[in-house]
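Comments concern the structure below.
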Amino acid sequence: MSRLDDLRFRAATAVQRRMNPLLRRLPLQTVLETTGRVSGLPRQTPVGGRRVGDSIWLVSEFGVRSQYVRNIQADPRVRVRIGGRWHAGTAHLLPDDDAVARLRALPRLNSTAVRALGTDLLTVRVDLGD
């Protein structure tokens, strides 16, 4: 990872640590809940995904460096809050998916930020109802 990529990661992480607690409280914000791989506690992360049928699609801007992706690797069972309602599901990491193309189908504001800050894009699909 280059110094610039590391700086982008650190800056984005610092902002997210301050903004995520506020965003999680917004009733219509989509939130992904994973189980902490060390603590075993629920971890909630606001995400900018889109529901397509019985799946939610999103793109992690830092791939396996993202804490929620690491939690998914340890335990793919998740919950997703969509429109104020919680849904159980199973998350799948899709490294072979074209994450840049995937971003074009996701909410514009989030996709723009992910493209601008992201250094290692990774598509995540959550199948609901599992």
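Residue numbering restarts at 1 for every chain of the structure tokens, chains are lettered A, B, ... in their displayed order, and ligands are numbered from 1 as they appear.
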Practice prompt. Find the residues near Arg50 in chain A: any atom within 6 Å, counting only C-alpha atoms, skip ones fewer than 5 places away on the same chain, and give them as a ChimeraX atom specification.
Written response: /A:56-57,106
Would you output that residue set with N, CA, C and O atoms, as a short mmCIF file (atom, residue, chain, number, x, y, z; two decimals), in the first residue's frame?
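Written file, result-v7.cif:
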```cif
data_model
loop_
_atom_site.label_atom_id
_atom_site.label_comp_id
_atom_site.auth_asym_id
_atom_site.auth_seq_id
_atom_site.Cartn_x
_atom_site.Cartn_y
_atom_site.Cartn_z
N ILE A 56 -28.86 -7.33 -0.70
CA ILE A 56 -28.34 -5.96 -0.58
C ILE A 56 -26.94 -5.98 -1.18
O ILE A 56 -26.13 -6.85 -0.84
N TRP A 57 -26.65 -5.02 -2.03
CA TRP A 57 -25.33 -4.91 -2.65
C TRP A 57 -24.65 -3.65 -2.12
O TRP A 57 -25.29 -2.59 -2.02
N LEU A 106 -25.34 1.80 -7.47
CA LEU A 106 -25.63 2.08 -6.06
C LEU A 106 -25.91 3.56 -5.87
O LEU A 106 -25.68 4.37 -6.77
#
```
Item to complete: May I ask for the distance between CA of Leu7 in chain A and CA of Leu41 in chain A, given in Å to one decimal place?
Response: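 Going from CA of Leu7 in chain A over to CA of Leu41 in chain A, I get 28.6 Å.
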Item to complete: Skip Pro76 in chain A itself and residues of its chain fewer than 5 positions away, then list as a PyMOL selection string all residues within 8 Å of it, counting only C-alpha atoms.
Response: chain A and resi 34+71+90-92
What does the file look like for those residues with C-alpha atoms, as a CSV table (one decimal), in the first residue's frame?
```csv
chain,number,residue,atom,x,y,z
A,34,THR,CA,-21.8,-7.7,12.0
A,71,ASN,CA,-15.9,-9.3,10.8
A,90,THR,CA,-25.6,-13.9,5.1
A,91,ALA,CA,-22.8,-11.7,3.7
A,92,HIS,CA,-20.7,-12.8,0.7
```
Practice prompt. Show which residues sit within 12 Å of range 124-130 of chain A, as a ChimeraX atom specification. Count only C-alpha atoms, and ignore same-chain residues fewer than 4 positions away.
Written response: /A:31-34,47-64,66,68-70,72-73,76-82,86-99,102-103
Discussion item. So the first atom is CA of Ser2 in chain A and the second is CA of Thr45 in chain A; what is the distance between them in Å, to one decimal place?
Written reply: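 Taking CA of Ser2 in chain A and CA of Thr45 in chain A, their separation equals 26.0 Å.
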Worksheet item: Where does DSSP see alpha helix (DSSP H) in range 33-77 of chain A, if you list the residues as an MDAnalysis selection string?
Response: chainID A and resid 67:74
Write out, as a tab-separated table (two decimals), in the first residue's frame, the residues just selected, with N, CA and C atoms.
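As a result, again-v8.tsv now contains:
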```
chain	number	residue	atom	x	y	z
A	67	GLN	N	-13.07	-2.88	8.81
A	67	GLN	CA	-13.36	-3.70	9.98
A	67	GLN	C	-14.59	-4.58	9.75
A	68	TYR	N	-15.62	-4.03	9.11
A	68	TYR	CA	-16.82	-4.85	8.92
A	68	TYR	C	-16.56	-6.01	7.96
A	69	VAL	N	-15.64	-5.83	7.02
A	69	VAL	CA	-15.29	-6.93	6.12
A	69	VAL	C	-14.53	-8.01	6.89
A	70	ARG	N	-13.64	-7.61	7.78
A	70	ARG	CA	-12.93	-8.58	8.61
A	70	ARG	C	-13.90	-9.35	9.49
A	71	ASN	N	-14.92	-8.65	10.01
A	71	ASN	CA	-15.93	-9.32	10.82
A	71	ASN	C	-16.72	-10.33	9.98
A	72	ILE	N	-17.03	-9.96	8.73
A	72	ILE	CA	-17.75	-10.87	7.84
A	72	ILE	C	-16.90	-12.10	7.55
A	73	GLN	N	-15.61	-11.92	7.36
A	73	GLN	CA	-14.73	-13.06	7.12
A	73	GLN	C	-14.79	-14.05	8.29
A	74	ALA	N	-14.90	-13.53	9.51
A	74	ALA	CA	-14.95	-14.40	10.69
A	74	ALA	C	-16.33	-15.02	10.89
```
Discussion item. Report, in Å to a single decimal, how far apart CA of Arg65 in chain A and CA of Arg3 in chain A are.
Written reply: 15.0 Å
Item to complete: Check the DSSP output for the backbone and give back, as a PyMOL selection string, the residues of range 38-92 of chain A in strand (DSSP E).
Response: chain A and resi 42-46+50-52+55-60+77-82+85-92
